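Source file: model.txt; contents: compact mmCIF, C-alpha atoms.
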```txt
# COMPACT_ATOMS: atom_id res chain seq x y z
CA MET A 137 188.24 142.43 72.19
CA ASP A 138 186.45 145.08 74.26
CA GLY A 139 185.09 146.52 71.04
CA ALA A 140 183.63 143.20 69.99
CA LEU A 141 182.13 142.65 73.42
CA GLY A 142 180.59 146.06 73.45
CA SER A 143 179.19 146.01 69.94
CA GLY A 144 176.43 143.48 70.39
CA GLY A 145 173.79 145.63 72.03
CA ALA A 146 171.50 145.52 69.02
CA GLU A 147 171.65 141.76 68.88
CA GLY A 148 169.64 141.21 72.01
CA ALA A 149 170.14 139.11 75.11
CA ASP A 150 170.43 135.74 73.45
CA GLY A 151 171.83 133.96 76.52
CA ALA A 152 173.47 130.59 76.10
CA TRP A 153 171.31 129.40 73.25
CA GLY A 154 171.80 132.19 70.74
CA ALA A 155 168.76 133.72 69.06
CA ASP A 156 170.81 135.14 66.22
CA GLY A 157 169.28 136.71 63.16
CA ALA A 158 170.24 136.44 59.54
CA ASP A 159 173.33 138.56 60.07
CA GLY A 160 174.48 136.54 63.07
CA PRO A 161 176.87 133.60 63.19
CA ASP A 162 176.26 130.75 60.77
CA ARG A 163 174.16 127.74 61.63
CA GLU A 164 177.08 125.43 62.44
CA LEU A 165 178.44 127.89 64.97
CA ARG A 166 175.03 128.29 66.60
CA VAL A 167 174.75 124.49 66.84
CA GLY A 168 178.20 124.39 68.44
CA ARG A 169 177.25 127.04 70.95
CA ARG A 170 174.07 125.25 71.96
CA ALA A 171 175.98 121.99 72.26
CA VAL A 172 178.46 123.59 74.67
CA ALA A 173 175.51 124.96 76.66
CA VAL A 174 174.11 121.43 76.96
CA VAL A 175 177.48 120.17 78.23
CA PHE A 176 177.51 122.92 80.87
CA ALA A 177 173.98 121.97 81.92
CA ALA A 178 174.92 118.27 82.12
CA HIS A 179 177.91 119.08 84.36
CA GLY A 180 175.62 121.15 86.56
CA MET A 181 173.10 118.32 86.76
CA VAL A 182 175.84 115.94 87.87
CA SER A 183 176.79 118.33 90.67
CA GLY A 184 173.21 119.05 91.71
CA THR A 185 172.25 115.38 91.66
CA PHE A 186 175.15 114.39 93.89
CA ALA A 187 174.59 117.22 96.38
CA THR A 188 171.06 116.04 97.16
CA ARG A 189 172.23 112.49 98.00
CA ILE A 190 174.89 113.47 100.52
CA PRO A 191 172.38 112.97 103.38
CA TRP A 192 171.77 109.39 102.13
CA ILE A 193 175.52 108.73 102.13
CA ARG A 194 175.82 110.11 105.67
CA GLU A 195 172.94 107.96 106.86
CA HIS A 196 174.30 104.91 105.07
CA LEU A 197 177.86 105.16 106.45
CA GLY A 198 177.13 107.00 109.69
CA PRO A 199 180.10 109.41 109.90
CA GLY A 200 179.82 112.46 112.14
CA PRO A 201 179.69 115.95 110.64
CA GLY A 202 183.42 116.47 111.07
CA TRP A 203 184.41 113.23 109.33
CA LEU A 204 181.90 113.80 106.53
CA GLY A 205 183.26 117.30 106.05
CA LEU A 206 186.78 115.90 105.84
CA ALA A 207 185.67 113.35 103.25
CA LEU A 208 184.06 116.05 101.13
CA VAL A 209 187.36 117.94 101.09
CA PHE A 210 188.75 115.09 98.96
CA LEU A 211 186.26 116.02 96.21
CA THR A 212 187.75 119.50 95.84
CA VAL A 213 191.29 118.20 96.25
CA GLY A 214 190.70 115.73 93.41
CA ALA A 215 189.25 118.44 91.17
CA SER A 216 192.15 120.82 91.84
CA ALA A 217 194.77 118.12 91.32
CA ALA A 218 193.33 116.93 88.01
CA MET A 219 192.52 120.26 86.37
CA PRO A 220 196.00 120.90 84.88
CA LEU A 221 195.82 117.58 83.00
CA SER A 222 192.86 118.68 80.91
CA ALA A 223 194.95 120.90 78.62
CA ARG A 224 197.35 118.02 77.88
CA LEU A 225 194.47 115.71 76.98
CA ALA A 226 192.89 118.35 74.72
CA HIS A 227 196.25 118.90 73.01
CA ARG A 228 196.74 115.19 72.39
CA TYR A 229 193.22 114.15 71.38
CA GLY A 230 191.54 117.41 70.35
CA GLN A 231 189.12 119.47 72.40
CA ARG A 232 185.99 117.70 71.18
CA ARG A 233 187.23 114.16 71.82
CA ALA A 234 188.76 115.15 75.13
CA LEU A 235 185.51 116.78 76.25
CA ALA A 236 183.49 113.70 75.29
CA GLY A 237 185.84 111.33 77.09
CA LEU A 238 186.10 113.50 80.20
CA SER A 239 182.31 113.84 80.30
CA VAL A 240 182.05 110.04 80.51
CA LEU A 241 184.70 110.01 83.25
CA CYS A 242 182.85 112.68 85.22
CA CYS A 243 179.49 110.91 85.00
CA ALA A 244 181.08 107.55 85.87
CA GLY A 245 182.54 109.09 89.01
CA LEU A 246 179.03 110.03 90.14
CA VAL A 247 178.31 106.34 90.77
CA LEU A 248 181.26 105.76 93.11
CA PRO A 249 180.47 107.62 96.40
CA PRO A 250 177.25 105.76 97.31
CA LEU A 251 179.04 102.44 96.69
CA ALA A 252 181.71 103.17 99.33
CA PRO A 253 181.50 100.63 102.17
CA ALA A 254 183.48 102.72 104.68
CA LEU A 255 184.79 106.23 105.28
CA GLY A 256 188.22 105.57 103.76
CA TRP A 257 186.66 104.22 100.59
CA LEU A 258 184.35 107.24 100.52
CA CYS A 259 187.36 109.58 100.58
CA ALA A 260 188.91 107.68 97.66
CA ALA A 261 185.61 107.68 95.74
CA LEU A 262 185.14 111.41 96.28
CA PHE A 263 188.70 112.08 95.13
CA LEU A 264 188.08 110.18 91.86
CA TYR A 265 184.70 111.83 91.39
CA GLY A 266 186.35 115.22 91.96
CA CYS A 267 189.00 114.42 89.33
CA GLY A 268 186.28 113.83 86.75
CA LEU A 269 184.43 117.00 87.73
CA GLY A 270 187.58 119.12 87.48
CA LEU A 271 188.75 117.68 84.17
CA MET A 272 185.35 118.14 82.53
CA ASP A 273 185.08 121.63 84.04
CA VAL A 274 188.28 122.86 82.39
CA ALA A 275 187.49 121.13 79.07
CA MET A 276 184.01 122.64 78.80
CA ASN A 277 185.25 126.12 79.76
CA ALA A 278 187.97 125.85 77.10
CA GLN A 279 185.25 125.07 74.57
CA GLY A 280 183.22 127.99 75.89
CA VAL A 281 186.19 130.30 75.30
CA ARG A 282 186.53 128.85 71.79
CA VAL A 283 182.87 129.59 71.05
CA GLU A 284 183.23 133.12 72.42
CA GLU A 285 186.24 133.72 70.17
CA LEU A 286 184.31 132.49 67.12
CA TYR A 287 181.28 134.63 68.00
CA GLY A 288 183.37 137.71 68.76
CA ARG A 289 181.24 138.66 71.74
CA SER A 290 180.46 137.52 75.28
CA VAL A 291 178.72 134.15 75.69
CA MET A 292 180.42 132.74 78.79
CA SER A 293 177.93 134.14 81.30
CA GLY A 294 175.05 132.42 79.54
CA LEU A 295 176.95 129.14 79.44
CA HIS A 296 177.55 129.32 83.18
CA GLY A 297 173.89 130.21 83.55
CA MET A 298 173.06 126.89 81.93
CA TRP A 299 175.33 125.22 84.49
CA SER A 300 173.35 126.89 87.27
CA VAL A 301 170.09 125.76 85.69
CA GLY A 302 171.53 122.25 85.52
CA THR A 303 172.30 122.25 89.24
CA LEU A 304 168.74 123.33 90.01
CA VAL A 305 167.27 120.63 87.73
CA GLY A 306 169.59 117.94 89.08
CA GLY A 307 168.86 119.04 92.63
CA ALA A 308 165.10 118.94 92.04
CA GLY A 309 165.38 115.41 90.66
CA GLY A 310 167.46 114.39 93.65
CA VAL A 311 164.90 115.82 96.07
CA LEU A 312 162.13 113.84 94.38
CA ALA A 313 164.23 110.66 94.51
CA ALA A 314 165.04 111.20 98.18
CA GLN A 315 161.40 111.86 99.08
CA ALA A 316 160.43 108.68 97.25
CA GLY A 317 162.97 106.75 99.33
CA LEU A 318 164.96 105.67 96.27
CA ASP A 319 168.31 104.12 97.13
CA ALA A 320 171.09 106.52 96.08
CA ARG A 321 173.00 103.65 94.44
CA ILE A 322 170.05 103.05 92.14
CA HIS A 323 169.32 106.74 91.61
CA LEU A 324 172.88 107.69 90.69
CA GLY A 325 173.33 104.45 88.76
CA ILE A 326 170.45 105.52 86.50
CA ALA A 327 171.35 109.22 86.33
CA ALA A 328 175.03 108.73 85.47
CA PRO A 329 174.68 106.91 82.12
CA VAL A 330 171.79 109.14 81.03
CA LEU A 331 173.81 112.29 81.70
CA ALA A 332 176.87 110.73 80.05
CA VAL A 333 174.94 110.04 76.85
CA VAL A 334 173.56 113.59 76.81
CA ALA A 335 177.00 115.11 77.40
CA VAL A 336 178.78 112.94 74.81
CA LEU A 337 176.18 113.61 72.10
CA ALA A 338 176.47 117.32 72.80
CA ALA A 339 180.28 117.22 72.95
CA ARG A 340 180.41 115.71 69.45
CA ARG A 341 178.68 118.84 68.11
CA THR A 342 180.96 121.35 69.82
CA PRO A 343 183.61 123.26 67.84
CA GLY A 344 186.55 120.92 67.26
CA VAL A 345 190.08 122.19 67.66
CA GLY A 346 193.35 120.38 68.12
CA ALA A 347 194.71 117.00 67.20
CA GLY A 348 192.35 114.19 66.51
CA SER A 349 189.21 116.28 66.35
CA GLY A 350 188.02 114.42 63.27
CA SER A 351 185.09 115.40 61.15
CA PRO A 352 182.05 117.19 62.50
CA GLY A 353 179.56 115.05 64.34
CA ALA A 354 176.14 114.21 63.05
CA GLY A 355 174.02 117.25 62.52
CA GLY A 356 177.01 119.49 61.87
CA SER A 357 179.35 121.38 64.14
CA ALA A 358 181.98 124.02 63.77
CA PRO A 359 184.82 122.77 61.58
CA ALA A 360 187.76 121.19 63.28
CA GLU A 361 191.13 122.88 63.27
CA PRO A 362 194.32 120.90 63.06
CA ALA A 363 196.85 121.13 65.81
CA GLY A 364 199.72 123.51 65.27
CA GLU A 365 202.68 121.87 63.60
CA GLY A 366 205.54 121.45 66.01
CA ALA A 367 203.56 122.78 68.92
CA GLY A 368 204.82 121.14 72.07
CA GLU A 369 202.50 119.69 74.65
CA PRO A 370 201.53 121.97 77.53
CA PRO A 371 203.76 121.46 80.57
CA ARG A 372 202.61 119.06 83.23
CA PHE A 373 202.57 121.94 85.69
CA ALA A 374 203.10 125.64 85.13
CA LEU A 375 202.62 128.61 87.40
CA PRO A 376 200.02 131.04 86.04
CA SER A 377 201.43 134.17 84.41
CA ARG A 378 201.22 137.40 86.38
CA GLY A 379 198.17 138.62 84.48
CA VAL A 380 196.35 135.32 84.83
CA LEU A 381 197.28 135.17 88.52
CA ALA A 382 195.51 138.51 89.02
CA ILE A 383 192.47 137.16 87.17
CA GLY A 384 192.52 134.08 89.41
CA LEU A 385 192.58 136.26 92.54
CA LEU A 386 189.49 138.08 91.28
CA GLY A 387 187.80 134.70 90.85
CA PHE A 388 189.02 133.75 94.32
CA CYS A 389 187.02 136.61 95.87
CA ALA A 390 183.84 135.66 94.01
CA VAL A 391 184.07 131.93 94.71
CA PHE A 392 184.80 132.58 98.40
CA ALA A 393 181.55 134.53 98.65
CA GLU A 394 179.75 131.80 96.70
CA GLY A 395 181.02 129.01 98.94
CA ALA A 396 180.25 130.94 102.11
CA SER A 397 176.73 131.76 100.93
CA MET A 398 175.94 128.25 99.75
CA ASP A 399 177.14 126.50 102.91
CA TRP A 400 176.25 129.02 105.60
CA SER A 401 173.18 130.94 104.41
CA GLY A 402 170.69 128.54 106.00
CA ILE A 403 172.62 128.40 109.27
CA TYR A 404 172.92 132.19 109.28
CA LEU A 405 169.18 132.63 109.03
CA ALA A 406 168.53 130.03 111.71
CA ASP A 407 171.14 131.21 114.22
CA VAL A 408 171.23 134.97 113.65
CA THR A 409 167.68 135.82 112.56
CA GLY A 410 165.81 132.97 114.28
CA ALA A 411 164.22 131.65 111.09
CA GLY A 412 162.59 128.23 110.99
CA ALA A 413 163.98 125.39 108.88
CA GLY A 414 161.85 126.10 105.81
CA LEU A 415 162.52 129.83 105.80
CA ALA A 416 166.21 129.25 106.45
CA ALA A 417 166.42 127.04 103.35
CA SER A 418 164.91 129.85 101.27
CA ALA A 419 168.14 131.85 101.61
CA TYR A 420 170.04 129.32 99.50
CA THR A 421 167.17 129.13 97.02
CA ALA A 422 167.17 132.91 96.61
CA PHE A 423 170.94 132.94 96.18
CA ALA A 424 170.97 130.12 93.61
CA CYS A 425 168.03 131.42 91.58
CA THR A 426 169.24 135.01 91.36
CA MET A 427 172.69 133.79 90.34
CA ALA A 428 171.22 131.61 87.59
CA LEU A 429 169.02 134.42 86.26
CA ALA A 430 171.87 136.94 86.36
CA ARG A 431 174.16 134.57 84.47
CA LEU A 432 171.59 133.86 81.78
CA SER A 433 171.14 137.59 81.18
CA GLY A 434 174.73 138.59 81.95
CA ASP A 435 176.07 138.44 78.38
CA ALA A 436 173.81 141.31 77.34
CA ALA A 437 175.22 143.47 80.15
CA VAL A 438 178.79 142.53 79.23
CA ARG A 439 178.22 143.36 75.56
CA ARG A 440 176.70 146.72 76.44
CA PHE A 441 178.95 147.89 79.27
CA GLY A 442 182.07 145.73 78.93
CA PRO A 443 183.46 143.21 81.43
CA VAL A 444 185.17 145.75 83.71
CA ALA A 445 182.11 147.94 84.31
CA THR A 446 179.87 144.87 84.65
CA VAL A 447 182.07 143.32 87.35
CA ARG A 448 182.43 146.62 89.19
CA CYS A 449 178.68 147.10 89.22
CA GLY A 450 178.18 143.49 90.28
CA GLY A 451 180.80 143.89 92.98
CA ALA A 452 178.93 146.91 94.34
CA LEU A 453 175.67 144.94 94.44
CA ALA A 454 177.34 141.94 96.07
CA THR A 455 179.09 144.13 98.66
CA ALA A 456 175.79 145.84 99.50
CA GLY A 457 174.15 142.42 99.82
CA ALA A 458 176.86 141.10 102.14
CA ALA A 459 176.66 144.26 104.26
CA LEU A 460 172.89 143.75 104.47
CA VAL A 461 173.47 140.17 105.64
CA VAL A 462 175.85 141.42 108.33
CA ALA A 463 173.31 143.96 109.54
CA ALA A 464 170.25 141.71 109.16
CA ARG A 465 168.37 140.63 112.25
CA THR A 466 165.19 139.53 110.46
CA PRO A 467 164.84 136.73 107.88
CA PRO A 468 163.57 138.89 104.98
CA ALA A 469 166.56 141.23 105.20
CA ALA A 470 169.02 138.32 105.25
CA VAL A 471 167.31 136.55 102.33
CA ALA A 472 167.44 139.81 100.33
CA GLY A 473 171.13 140.15 101.16
CA PHE A 474 171.98 136.65 99.93
CA ALA A 475 169.93 137.26 96.77
CA LEU A 476 171.98 140.40 96.06
CA ILE A 477 175.21 138.46 96.56
CA GLY A 478 174.01 135.94 93.99
CA VAL A 479 173.27 138.67 91.45
CA GLY A 480 176.52 140.50 92.10
CA ILE A 481 178.97 137.64 91.74
CA ALA A 482 177.14 135.78 88.95
CA VAL A 483 179.23 136.88 85.98
CA VAL A 484 182.63 137.11 87.68
CA VAL A 485 183.81 133.51 87.27
CA PRO A 486 182.61 133.20 83.63
CA LEU A 487 184.44 136.43 82.77
CA CYS A 488 187.58 135.24 84.57
CA PHE A 489 187.62 132.04 82.49
CA ALA A 490 187.04 134.02 79.30
CA ALA A 491 189.82 136.49 80.13
CA ALA A 492 192.26 133.67 80.97
CA GLY A 493 191.45 131.83 77.74
CA ARG A 494 192.14 134.85 75.56
CA SER A 495 195.20 135.97 77.53
CA SER A 496 198.08 136.90 75.22
CA SER A 497 200.29 134.57 77.26
CA ALA A 498 197.96 131.60 76.79
CA ALA A 499 199.78 129.34 74.36
CA ALA A 500 197.38 126.66 75.57
CA PRO A 501 194.12 128.28 76.75
CA GLY A 502 193.19 125.20 78.77
CA GLN A 503 196.39 125.56 80.79
CA GLU A 504 195.58 129.14 81.77
CA ILE A 505 191.94 128.26 82.45
CA ALA A 506 193.13 125.43 84.70
CA GLY A 507 195.35 127.88 86.58
CA VAL A 508 192.47 130.28 87.19
CA ALA A 509 190.10 127.44 88.09
CA THR A 510 192.55 125.91 90.57
CA LEU A 511 193.14 129.23 92.31
CA ALA A 512 189.48 130.28 92.32
CA TYR A 513 188.12 126.92 93.43
CA ALA A 514 190.71 126.69 96.20
CA SER A 515 188.75 129.45 97.90
CA GLY A 516 185.63 127.32 97.59
CA LEU A 517 187.50 124.68 99.57
CA GLY A 518 188.64 127.11 102.25
CA ALA A 519 185.63 129.41 102.51
CA PRO A 520 183.31 127.16 104.57
CA ALA A 521 186.10 126.31 107.03
CA ILE A 522 187.26 129.93 107.36
CA VAL A 523 183.72 131.19 107.90
CA GLY A 524 183.18 128.49 110.52
CA TRP A 525 186.45 129.24 112.30
CA VAL A 526 185.78 132.98 112.43
CA ALA A 527 182.24 132.32 113.64
CA GLU A 528 183.56 129.97 116.33
CA THR A 529 185.89 132.65 117.71
CA THR A 530 183.62 135.66 117.12
CA SER A 531 180.22 135.41 115.38
CA LEU A 532 178.63 134.60 112.03
CA SER A 533 178.04 138.30 111.47
CA VAL A 534 181.78 138.93 111.74
CA SER A 535 182.40 136.04 109.33
CA PHE A 536 180.28 137.71 106.69
CA GLY A 537 182.11 140.93 107.41
CA VAL A 538 185.15 139.09 106.01
CA VAL A 539 183.07 138.13 102.97
CA THR A 540 182.06 141.78 102.56
CA ALA A 541 185.70 142.87 102.58
CA LEU A 542 186.59 140.34 99.87
CA LEU A 543 183.69 141.49 97.72
CA VAL A 544 185.07 145.01 97.81
CA GLY A 545 188.03 143.44 96.00
CA LEU A 546 185.76 142.81 92.99
CA MET A 547 185.30 146.54 92.51
CA LEU A 548 188.97 147.29 93.07
CA GLY A 549 190.33 144.48 90.91
CA ALA A 550 187.87 144.47 88.00
CA GLY A 551 190.41 146.25 85.81
CA VAL A 552 192.37 143.01 85.30
CA LEU A 553 189.58 141.91 82.92
CA ARG A 554 190.36 144.77 80.55
CA ASP A 555 191.76 143.50 77.23
```
For this file, write the structure as structure tokens.
Amino acid sequence: MDGALGSGGAEGADGAWGADGADGPDRELRVGRRAVAVVFAAHGMVSGTFATRIPWIREHLGPGPGWLGLALVFLTVGASAAMPLSARLAHRYGQRRALAGLSVLCCAGLVLPPLAPALGWLCAALFLYGCGLGLMDVAMNAQGVRVEELYGRSVMSGLHGMWSVGTLVGGAGGVLAAQAGLDARIHLGIAAPVLAVVAVLAARRTPGVGAGSGSPGAGGSAPAEPAGEGAGEPPRFALPSRGVLAIGLLGFCAVFAEGASMDWSGIYLADVTGAGAGLAASAYTAFACTMALARLSGDAAVRRFGPVATVRCGGALATAGAALVVAARTPPAAVAGFALIGVGIAVVVPLCFAAAGRSSSAAAPGQEIAGVATLAYASGLGAPAIVGWVAETTSLSVSFGVVTALLVGLMLGAGVLRD
């Protein structure tokens, strides 16, 4: 598939939406691709919306930082526990129906956390919300892999770029709601059904594959494919194959850097460089925006240079950015470092999902995607705690020295993405 990925230079950087010419994919496939992009954006908006209302939940329930942090762990635990089930649901009901149903489940879970009357209920609500997030995550990435296979060239980076845009849009809406003093129960109660409708309508137009996909939705979508005769259901749990395990470890390095940057960038600027609150917050903004922009334009780079060279180059940029963060003693240098990390790691996770989905061992692509997602996102669970523990015993600069070392792994391990 390297040839297909590298042959699209003349087609332009069409991102997630696909500005294909007369010789490009047919209209139904373009509609399917855009529909998947909308699902990615909706999932991102769910995540961004929830993140902005965590302060309301803390104020409403009154847990200390430690207890709130423990409760938030249940979100990632729920996502990791549920991910392997997505492939079974797609096998039984078809990818399109499964994606639509899991989108509703994900959006419904958004309503639960602000309704929790006590910390224990909050943990349970976050676990259920995390289950929905994880299930929808695997289902939409499986559809993204399907679209990439039909196109014959890289589209996953642009799809993940739409997710990043969704988080920014959802976060902006959440900030406006918080500044207006809107109760989070009302805010999320309104946002959840709206996002569910958007996601379901888009899911109905995605390429159908598997049992029960039915006929194309209104407006046309890629034709459904029947399930393979006699194909057994994916196992309830299966260890990733050796090749997919290596891909997951590559994703682990990228997601560790992402989690560390998202959760600690503001604190790093405040504690290490002496930045004020507003300037400290700009580190996360720079990181998130450069990641979104790099993902939206990443498919063009992958098509021109191939996934291995793109990840190696990105790894070099991210490593340089992390080293700059370690050395930074002024806010501008640290902000620039976090921005470089965002650019460098942007395409790694999308390419890991794509590589897992087209793995020769992937009898059920969703199963392999779930394996990579579980391994990669586990680092997102551990990264904030590990960075904090290292900082507690040494310093934040040393913590980001650990991040720098892991980012070197992107350059060394990029070869696992070679087809």
(request) Work out how far atom CA of Leu337 of chain A is from atom CA of Gly168 of chain A, in Å to one decimal. (result) 11.6 Å
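Closest to Asp319 of chain A among A:Ala335, A:Ile193, A:Val281, A:Leu269 is A:Ile193, based on all atoms listed in the file.
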(request) Might you pull out every residue within 12 Å of segment 409-423 of chain A, with only C-alpha atoms counted and same-chain residues fewer than 2 positions away left off, and present them as a PyMOL selection string? (result) chain A and resi 300+303-304+307-308+393-407+425-430+454+457-458+461-482+532-533
Which centre and edge lengths in Å to one decimal define the box along x, y and z that fits every listed atom of segment 167-179 of chain A plus 6 Å per side, as JSON?
```
{"center_x": 176.2, "center_y": 122.7, "center_z": 75.6, "size_x": 16.5, "size_y": 20.8, "size_z": 29.5}
```
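Between atom CA of Ala171 of chain A and atom CA of Arg340 of chain A lies a distance of 8.2 Å.
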(message) Between atom CA of Leu381 of chain A and atom CA of Arg289 of chain A, what is the distance in Å, rounded to a tenth?
(response) 23.5 Å
Find the residues near Gly306 of chain A: any atom within 12 Å, counting all atoms listed in the file, skip ones fewer than 3 places away on the same chain, and give them as an mmCIF file with C-alpha atoms, keeping the file's coordinate frame.
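Dumped everything to out-v3.cif:
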```cif
data_model
loop_
_atom_site.group_PDB
_atom_site.id
_atom_site.type_symbol
_atom_site.label_atom_id
_atom_site.label_comp_id
_atom_site.auth_asym_id
_atom_site.auth_seq_id
_atom_site.Cartn_x
_atom_site.Cartn_y
_atom_site.Cartn_z
ATOM 1 C CA ALA A 177 173.980 121.970 81.920
ATOM 2 C CA ALA A 178 174.920 118.270 82.120
ATOM 3 C CA HIS A 179 177.910 119.080 84.360
ATOM 4 C CA GLY A 180 175.620 121.150 86.560
ATOM 5 C CA MET A 181 173.100 118.320 86.760
ATOM 6 C CA VAL A 182 175.840 115.940 87.870
ATOM 7 C CA SER A 183 176.790 118.330 90.670
ATOM 8 C CA GLY A 184 173.210 119.050 91.710
ATOM 9 C CA THR A 185 172.250 115.380 91.660
ATOM 10 C CA PHE A 186 175.150 114.390 93.890
ATOM 11 C CA ALA A 187 174.590 117.220 96.380
ATOM 12 C CA THR A 188 171.060 116.040 97.160
ATOM 13 C CA ARG A 189 172.230 112.490 98.000
ATOM 14 C CA MET A 298 173.060 126.890 81.930
ATOM 15 C CA TRP A 299 175.330 125.220 84.490
ATOM 16 C CA SER A 300 173.350 126.890 87.270
ATOM 17 C CA VAL A 301 170.090 125.760 85.690
ATOM 18 C CA GLY A 302 171.530 122.250 85.520
ATOM 19 C CA THR A 303 172.300 122.250 89.240
ATOM 20 C CA GLY A 309 165.380 115.410 90.660
ATOM 21 C CA GLY A 310 167.460 114.390 93.650
ATOM 22 C CA VAL A 311 164.900 115.820 96.070
ATOM 23 C CA LEU A 312 162.130 113.840 94.380
ATOM 24 C CA ALA A 313 164.230 110.660 94.510
ATOM 25 C CA HIS A 323 169.320 106.740 91.610
ATOM 26 C CA LEU A 324 172.880 107.690 90.690
ATOM 27 C CA ALA A 327 171.350 109.220 86.330
ATOM 28 C CA ALA A 328 175.030 108.730 85.470
ATOM 29 C CA LEU A 331 173.810 112.290 81.700
#
```
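You can rank A:Ala490, A:Leu165, A:Ala436, A:Leu453 by their closest distance to Ile383 of chain A using all atoms listed in the file, and at the top of that list sits A:Ala490.
Distances here use all atoms listed in the file; by that measure, the residue among A:Gly549, A:Gly200, A:Gly256, A:Pro220 closest to Arg448 of chain A is A:Gly549.
Proximity ranking of A:Tyr265, A:Phe392, A:Trp257, A:Tyr229 relative to Leu543 of chain A places A:Phe392 first, based on all atoms listed in the file.
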